[in-house]
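Participant: Data file query_31.pdb (PDB, C-alpha atoms) is appended below.
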ATOM      1  CA  MET Y   1      23.258  23.924 -71.406  1.00  0.00           C
ATOM      2  CA  SER Y   2      26.336  23.168 -69.304  1.00  0.00           C
ATOM      3  CA  VAL Y   3      29.949  23.442 -70.387  1.00  0.00           C
ATOM      4  CA  VAL Y   4      32.926  21.491 -69.061  1.00  0.00           C
ATOM      5  CA  GLU Y   5      36.229  23.237 -68.507  1.00  0.00           C
ATOM      6  CA  THR Y   6      39.605  21.790 -67.625  1.00  0.00           C
ATOM      7  CA  LEU Y   7      41.059  22.965 -64.349  1.00  0.00           C
ATOM      8  CA  VAL Y   8      44.819  22.539 -64.290  1.00  0.00           C
ATOM      9  CA  GLU Y   9      47.742  24.425 -62.796  1.00  0.00           C
ATOM     10  CA  GLU Y  10      49.519  26.472 -65.460  1.00  0.00           C
ATOM     11  CA  SER Y  11      52.900  26.853 -63.736  1.00  0.00           C
ATOM     12  CA  ASP Y  12      55.913  24.571 -63.929  1.00  0.00           C
ATOM     13  CA  GLU Y  13      56.685  25.145 -60.265  1.00  0.00           C
ATOM     14  CA  PRO Y  14      57.410  21.885 -58.400  1.00  0.00           C
ATOM     15  CA  GLY Y  15      55.214  22.874 -55.454  1.00  0.00           C
ATOM     16  CA  MET Y  16      51.462  23.046 -55.284  1.00  0.00           C
ATOM     17  CA  GLY Y  17      49.551  26.011 -56.586  1.00  0.00           C
ATOM     18  CA  PRO Y  18      46.024  27.126 -55.618  1.00  0.00           C
ATOM     19  CA  VAL Y  19      44.387  24.899 -58.247  1.00  0.00           C
ATOM     20  CA  ASP Y  20      46.296  21.857 -56.960  1.00  0.00           C
ATOM     21  CA  ARG Y  21      45.149  22.605 -53.407  1.00  0.00           C
ATOM     22  CA  GLU Y  22      41.521  22.921 -54.515  1.00  0.00           C
ATOM     23  CA  ILE Y  23      41.724  19.583 -56.334  1.00  0.00           C
ATOM     24  CA  VAL Y  24      43.375  17.803 -53.386  1.00  0.00           C
ATOM     25  CA  ARG Y  25      40.690  19.096 -50.973  1.00  0.00           C
ATOM     26  CA  TRP Y  26      37.950  17.901 -53.352  1.00  0.00           C
ATOM     27  CA  LEU Y  27      39.543  14.446 -53.636  1.00  0.00           C
ATOM     28  CA  GLU Y  28      40.128  14.062 -49.905  1.00  0.00           C
ATOM     29  CA  ASP Y  29      36.437  14.854 -49.338  1.00  0.00           C
ATOM     30  CA  ARG Y  30      35.432  12.012 -51.685  1.00  0.00           C
ATOM     31  CA  ILE Y  31      37.923   9.184 -51.201  1.00  0.00           C
ATOM     32  CA  PRO Y  32      37.384   7.337 -47.906  1.00  0.00           C
ATOM     33  CA  HIS Y  33      40.464   6.828 -45.731  1.00  0.00           C
ATOM     34  CA  VAL Y  34      42.609   9.085 -47.945  1.00  0.00           C
ATOM     35  CA  THR Y  35      44.286  12.101 -46.398  1.00  0.00           C
ATOM     36  CA  GLY Y  36      47.608  13.784 -46.876  1.00  0.00           C
ATOM     37  CA  LEU Y  37      47.670  13.777 -50.688  1.00  0.00           C
ATOM     38  CA  ALA Y  38      49.707  16.976 -50.673  1.00  0.00           C
ATOM     39  CA  PRO Y  39      52.042  17.735 -52.223  1.00  0.00           C
ATOM     40  CA  ALA Y  40      50.367  16.753 -55.470  1.00  0.00           C
ATOM     41  CA  ARG Y  41      49.723  18.077 -58.950  1.00  0.00           C
ATOM     42  CA  GLY Y  42      46.126  17.943 -60.085  1.00  0.00           C
ATOM     43  CA  ILE Y  43      43.915  17.944 -63.135  1.00  0.00           C
ATOM     44  CA  ALA Y  44      40.164  18.407 -62.845  1.00  0.00           C
ATOM     45  CA  PHE Y  45      37.130  18.889 -65.024  1.00  0.00           C
ATOM     46  CA  ARG Y  46      34.606  21.414 -63.817  1.00  0.00           C
ATOM     47  CA  ARG Y  47      31.037  21.732 -65.064  1.00  0.00           C
ATOM     48  CA  CYS Y  48      29.855  25.268 -65.659  1.00  0.00           C
ATOM     49  CA  ASN Y  49      26.086  25.325 -65.379  1.00  0.00           C
ATOM     50  CA  GLY Y  50      23.812  27.899 -66.997  1.00  0.00           C
ATOM     51  CA  ASP Y  51      23.404  29.724 -63.665  1.00  0.00           C
ATOM     52  CA  GLY Y  52      27.158  30.446 -63.504  1.00  0.00           C
ATOM     53  CA  GLU Y  53      27.914  27.887 -60.816  1.00  0.00           C
ATOM     54  CA  LYS Y  54      31.144  25.963 -61.393  1.00  0.00           C
ATOM     55  CA  LYS Y  55      31.604  22.589 -59.715  1.00  0.00           C
ATOM     56  CA  ILE Y  56      34.383  20.035 -60.048  1.00  0.00           C
ATOM     57  CA  VAL Y  57      32.915  16.779 -61.355  1.00  0.00           C
ATOM     58  CA  TYR Y  58      36.156  14.816 -61.905  1.00  0.00           C
ATOM     59  CA  ALA Y  59      39.603  15.245 -60.410  1.00  0.00           C
ATOM     60  CA  GLY Y  60      42.856  13.383 -60.409  1.00  0.00           C
ATOM     61  CA  ALA Y  61      46.021  14.040 -58.434  1.00  0.00           C
ATOM     62  CA  TYR Y  62      49.532  12.732 -58.975  1.00  0.00           C
ATOM     63  CA  ASN Y  63      51.820  12.417 -55.977  1.00  0.00           C
ATOM     64  CA  GLU Y  64      54.646  10.284 -54.596  1.00  0.00           C
ATOM     65  CA  PHE Y  65      56.747  10.812 -57.727  1.00  0.00           C
ATOM     66  CA  ARG Y  66      59.611   8.296 -57.585  1.00  0.00           C
ATOM     67  CA  GLY Y  67      61.351   8.849 -60.918  1.00  0.00           C
ATOM     68  CA  ARG Y  68      59.981   5.801 -62.746  1.00  0.00           C
ATOM     69  CA  ASP Y  69      56.574   5.754 -61.013  1.00  0.00           C
ATOM     70  CA  VAL Y  70      53.932   8.172 -59.782  1.00  0.00           C
ATOM     71  CA  GLN Y  71      50.855   7.484 -57.651  1.00  0.00           C
ATOM     72  CA  TYR Y  72      47.437   8.505 -59.020  1.00  0.00           C
ATOM     73  CA  HIS Y  73      44.271   9.289 -57.048  1.00  0.00           C
ATOM     74  CA  ALA Y  74      40.934  10.111 -58.670  1.00  0.00           C
ATOM     75  CA  ALA Y  75      37.253  10.618 -57.973  1.00  0.00           C
ATOM     76  CA  CYS Y  76      34.325  11.284 -60.257  1.00  0.00           C
ATOM     77  CA  ASP Y  77      30.828  12.695 -59.775  1.00  0.00           C
ATOM     78  CA  ASP Y  78      29.951  12.699 -63.492  1.00  0.00           C
ATOM     79  CA  PRO Y  79      31.531  10.017 -65.733  1.00  0.00           C
ATOM     80  CA  SER Y  80      30.151  11.716 -68.860  1.00  0.00           C
ATOM     81  CA  VAL Y  81      32.996  14.254 -68.708  1.00  0.00           C
ATOM     82  CA  LEU Y  82      35.560  11.522 -69.406  1.00  0.00           C
ATOM     83  CA  THR Y  83      35.790  11.892 -73.154  1.00  0.00           C
ATOM     84  CA  ARG Y  84      38.639  10.288 -75.105  1.00  0.00           C
ATOM     85  CA  SER Y  85      40.548  13.574 -75.333  1.00  0.00           C
ATOM     86  CA  ARG Y  86      40.265  14.173 -71.579  1.00  0.00           C
ATOM     87  CA  ILE Y  87      41.387  10.619 -70.802  1.00  0.00           C
ATOM     88  CA  ARG Y  88      44.399  11.204 -73.072  1.00  0.00           C
ATOM     89  CA  LEU Y  89      45.202  14.347 -71.070  1.00  0.00           C
ATOM     90  CA  LEU Y  90      45.114  12.389 -67.802  1.00  0.00           C
ATOM     91  CA  PHE Y  91      47.659   9.883 -69.138  1.00  0.00           C
ATOM     92  CA  SER Y  92      49.837  12.330 -71.085  1.00  0.00           C
ATOM     93  CA  TYR Y  93      50.754  14.364 -67.994  1.00  0.00           C
ATOM     94  CA  PRO Y  94      52.564  11.557 -66.138  1.00  0.00           C
ATOM     95  CA  PHE Y  95      53.911   9.679 -69.155  1.00  0.00           C
ATOM     96  CA  GLU Y  96      54.952  12.595 -71.370  1.00  0.00           C
ATOM     97  CA  TYR Y  97      55.534  15.524 -69.018  1.00  0.00           C
ATOM     98  CA  LEU Y  98      56.899  13.667 -65.968  1.00  0.00           C
ATOM     99  CA  GLY Y  99      58.476  10.932 -68.087  1.00  0.00           C
ATOM    100  CA  VAL Y 100      57.509   8.055 -65.809  1.00  0.00           C
ATOM    101  CA  GLU Y 101      57.541   4.443 -66.940  1.00  0.00           C
ATOM    102  CA  ARG Y 102      54.451   3.514 -64.907  1.00  0.00           C
ATOM    103  CA  ILE Y 103      51.513   4.936 -62.947  1.00  0.00           C
ATOM    104  CA  SER Y 104      50.227   3.202 -59.819  1.00  0.00           C
ATOM    105  CA  CYS Y 105      46.935   3.485 -57.992  1.00  0.00           C
ATOM    106  CA  VAL Y 106      45.284   1.703 -55.082  1.00  0.00           C
ATOM    107  CA  ILE Y 107      41.527   1.177 -54.997  1.00  0.00           C
ATOM    108  CA  ALA Y 108      39.469  -0.144 -52.089  1.00  0.00           C
ATOM    109  CA  SER Y 109      38.584  -3.789 -52.664  1.00  0.00           C
ATOM    110  CA  SER Y 110      34.894  -3.000 -52.135  1.00  0.00           C
ATOM    111  CA  ASN Y 111      34.871  -0.282 -54.839  1.00  0.00           C
ATOM    112  CA  ALA Y 112      33.818  -2.510 -57.745  1.00  0.00           C
ATOM    113  CA  ARG Y 113      32.777   0.443 -59.930  1.00  0.00           C
ATOM    114  CA  SER Y 114      36.179   2.161 -59.843  1.00  0.00           C
ATOM    115  CA  ARG Y 115      38.001  -1.131 -60.313  1.00  0.00           C
ATOM    116  CA  LYS Y 116      35.923  -1.831 -63.432  1.00  0.00           C
ATOM    117  CA  VAL Y 117      36.664   1.648 -64.808  1.00  0.00           C
ATOM    118  CA  VAL Y 118      40.457   1.405 -64.411  1.00  0.00           C
ATOM    119  CA  GLU Y 119      40.511  -2.112 -65.841  1.00  0.00           C
ATOM    120  CA  GLY Y 120      38.528  -0.839 -68.838  1.00  0.00           C
ATOM    121  CA  LEU Y 121      41.134   1.896 -69.337  1.00  0.00           C
ATOM    122  CA  GLY Y 122      43.930  -0.683 -69.481  1.00  0.00           C
ATOM    123  CA  TRP Y 123      45.266  -0.805 -65.925  1.00  0.00           C
ATOM    124  CA  LYS Y 124      46.421  -4.217 -64.647  1.00  0.00           C
ATOM    125  CA  GLN Y 125      45.749  -5.573 -61.177  1.00  0.00           C
ATOM    126  CA  GLU Y 126      49.152  -6.165 -59.608  1.00  0.00           C
ATOM    127  CA  GLY Y 127      48.340  -7.213 -56.081  1.00  0.00           C
ATOM    128  CA  VAL Y 128      46.373  -6.917 -52.889  1.00  0.00           C
ATOM    129  CA  ILE Y 129      47.563  -4.701 -50.060  1.00  0.00           C
ATOM    130  CA  ARG Y 130      45.985  -6.251 -47.008  1.00  0.00           C
ATOM    131  CA  ARG Y 131      44.168  -3.892 -44.596  1.00  0.00           C
ATOM    132  CA  PHE Y 132      45.391  -0.904 -46.579  1.00  0.00           C
ATOM    133  CA  TYR Y 133      42.338   1.277 -45.940  1.00  0.00           C
ATOM    134  CA  SER Y 134      41.160  -0.022 -42.579  1.00  0.00           C
ATOM    135  CA  GLY Y 135      41.225  -3.056 -40.318  1.00  0.00           C
ATOM    136  CA  THR Y 136      38.853  -4.784 -42.729  1.00  0.00           C
ATOM    137  CA  GLU Y 137      39.368  -3.025 -46.084  1.00  0.00           C
ATOM    138  CA  ASP Y 138      42.093  -4.220 -48.441  1.00  0.00           C
ATOM    139  CA  GLY Y 139      43.496  -2.113 -51.248  1.00  0.00           C
ATOM    140  CA  ILE Y 140      43.878  -3.437 -54.774  1.00  0.00           C
ATOM    141  CA  LEU Y 141      47.079  -2.239 -56.413  1.00  0.00           C
ATOM    142  CA  TYR Y 142      46.809  -1.358 -60.093  1.00  0.00           C
ATOM    143  CA  GLY Y 143      49.506  -0.258 -62.504  1.00  0.00           C
ATOM    144  CA  ILE Y 144      49.766   0.791 -66.104  1.00  0.00           C
ATOM    145  CA  LEU Y 145      53.004   0.917 -68.089  1.00  0.00           C
ATOM    146  CA  ARG Y 146      53.765   3.557 -70.679  1.00  0.00           C
ATOM    147  CA  ASP Y 147      54.214   1.007 -73.472  1.00  0.00           C
ATOM    148  CA  GLU Y 148      50.825  -0.613 -72.788  1.00  0.00           C
ATOM    149  CA  CYS Y 149      48.838   2.627 -72.491  1.00  0.00           C
ATOM    150  CA  ILE Y 150      46.516   2.944 -75.496  1.00  0.00           C
ATOM    151  CA  TRP Y 151      45.679   6.572 -74.613  1.00  0.00           C
ATOM    152  CA  LEU Y 152      48.942   8.194 -75.718  1.00  0.00           C
TER
END
Go through the file and emit its structure as structure tokens.
Facilitator:
Amino acid sequence: MSVVETLVEESDEPGMGPVDREIVRWLEDRIPHVTGLAPARGIAFRRCNGDGEKKIVYAGAYNEFRGRDVQYHAACDDPSVLTRSRIRLLFSYPFEYLGVERISCVIASSNARSRKVVEGLGWKQEGVIRRFYSGTEDGILYGILRDECIWL
């Protein structure tokens, strides 16, 4: 039987710690056209299999903190780890700890699966960023406001 553990930096230091770096590397390996996420703070869920191997199966990173807004980047290899309590954790960090009013994310227009997931979590499509990812790939801008987030 496998167990899921939360992988999160324990320090309050403003810079990145080793866990944050591991999460950013994992995300940059999985999100096309995304590099330079650092500096970022990360939260990940890692599956611990019976053979002792530990692999990240979901990670999110918050960067570009602008006082009222923070940018969010995420990737997932195993959606089953996204329980209600873990989703609450992902939203409580920016809204409660950072104190932002909104979270923003940009998803490739061709990534229908991720767009459906964020819409199901309550994010609102706010616009299209033309050729954001490449000469032919637009980005869809999503945002969620603190007062509309049902996960807090």
Participant: Quick check, in Å to one decimal: how far apart do CA of Asp51 in chain Y and CA of Asp78 in chain Y lie?
Facilitator: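 A separation of 18.2 Å between them.
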Participant: The PyMOL selection byres ((chain Y and resi 92) around 12) - which residues does that actually catch in the file I just gave you? List them as a count of residues only.
Facilitator: 24
Participant: Out of Y:Ile140, Y:Ala40, Y:Ile129, Y:Ile56, which residue has the shortest atom-to-atom distance to Asp77 in chain Y when counting all atoms listed in the file?
Facilitator: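 Ranked by minimum distance to Asp77 in chain Y, first place goes to Y:Ile56.
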Participant: Any chance you could work out the residue set of the PyMOL selection byres ((chain Y and resi 81) around 12) here, as number ranges by chain?
Facilitator: Y: 2-6, 44-48, 56-59, 76-80, 82-87
Participant: Given all atoms listed in the file as the basis, pick out the residue of Y:Pro39, Y:Gly60, Y:Pro18, Y:Gly122 nearest to Asp147 in chain Y.
Facilitator: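 For Asp147 in chain Y, the nearest of the candidates is Y:Gly122.
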Participant: Kindly give the distance, in Å, that separates CA of Ser114 in chain Y and CA of Gly67 in chain Y, rounded to a single decimal.
Facilitator: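 We find that CA of Ser114 in chain Y and CA of Gly67 in chain Y lie 26.1 Å from each other.
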Participant: Taking the file as shown, find all residues satisfying the PyMOL selection byres ((chain Y and resi 64) around 12) and write them as a list in words.
Facilitator: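 This file, filtered by the PyMOL selection byres ((chain Y and resi 64) around 12), leaves Gly36, Leu37, Ala38, Pro39, Ala40, Arg41, Ala61, Tyr62, Asn63, Phe65, Arg66, Gly67, Arg68, Asp69, Val70, Gln71, Tyr72, His73, Pro94, Val100, Ile103, Ser104 and Cys105 of chain Y.
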Participant: Each residue of range 73-108 of chain Y lying at most 6 Å from range 131-139 of chain Y should get a row with its shortest atom-to-atom pair and the distance in Å to one decimal, counting only C-alpha atoms; could you produce that, ordered by chain and increasing number, as a tab-separated table?
Facilitator:
residue	atom	partner	partner_atom	distance
Y:Val106	CA	Y:Gly139	CA	5.7
Y:Ile107	CA	Y:Gly139	CA	5.4
Y:Ala108	CA	Y:Gly139	CA	4.6
Participant: Given the choices Y:Glu22, Y:Leu121, Y:Ala74, Y:Val128, which gets closest to Ser109 in chain Y if the distance is worked out from all atoms listed in the file?
Facilitator: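 Smallest distance to Ser109 in chain Y is found for Y:Val128.
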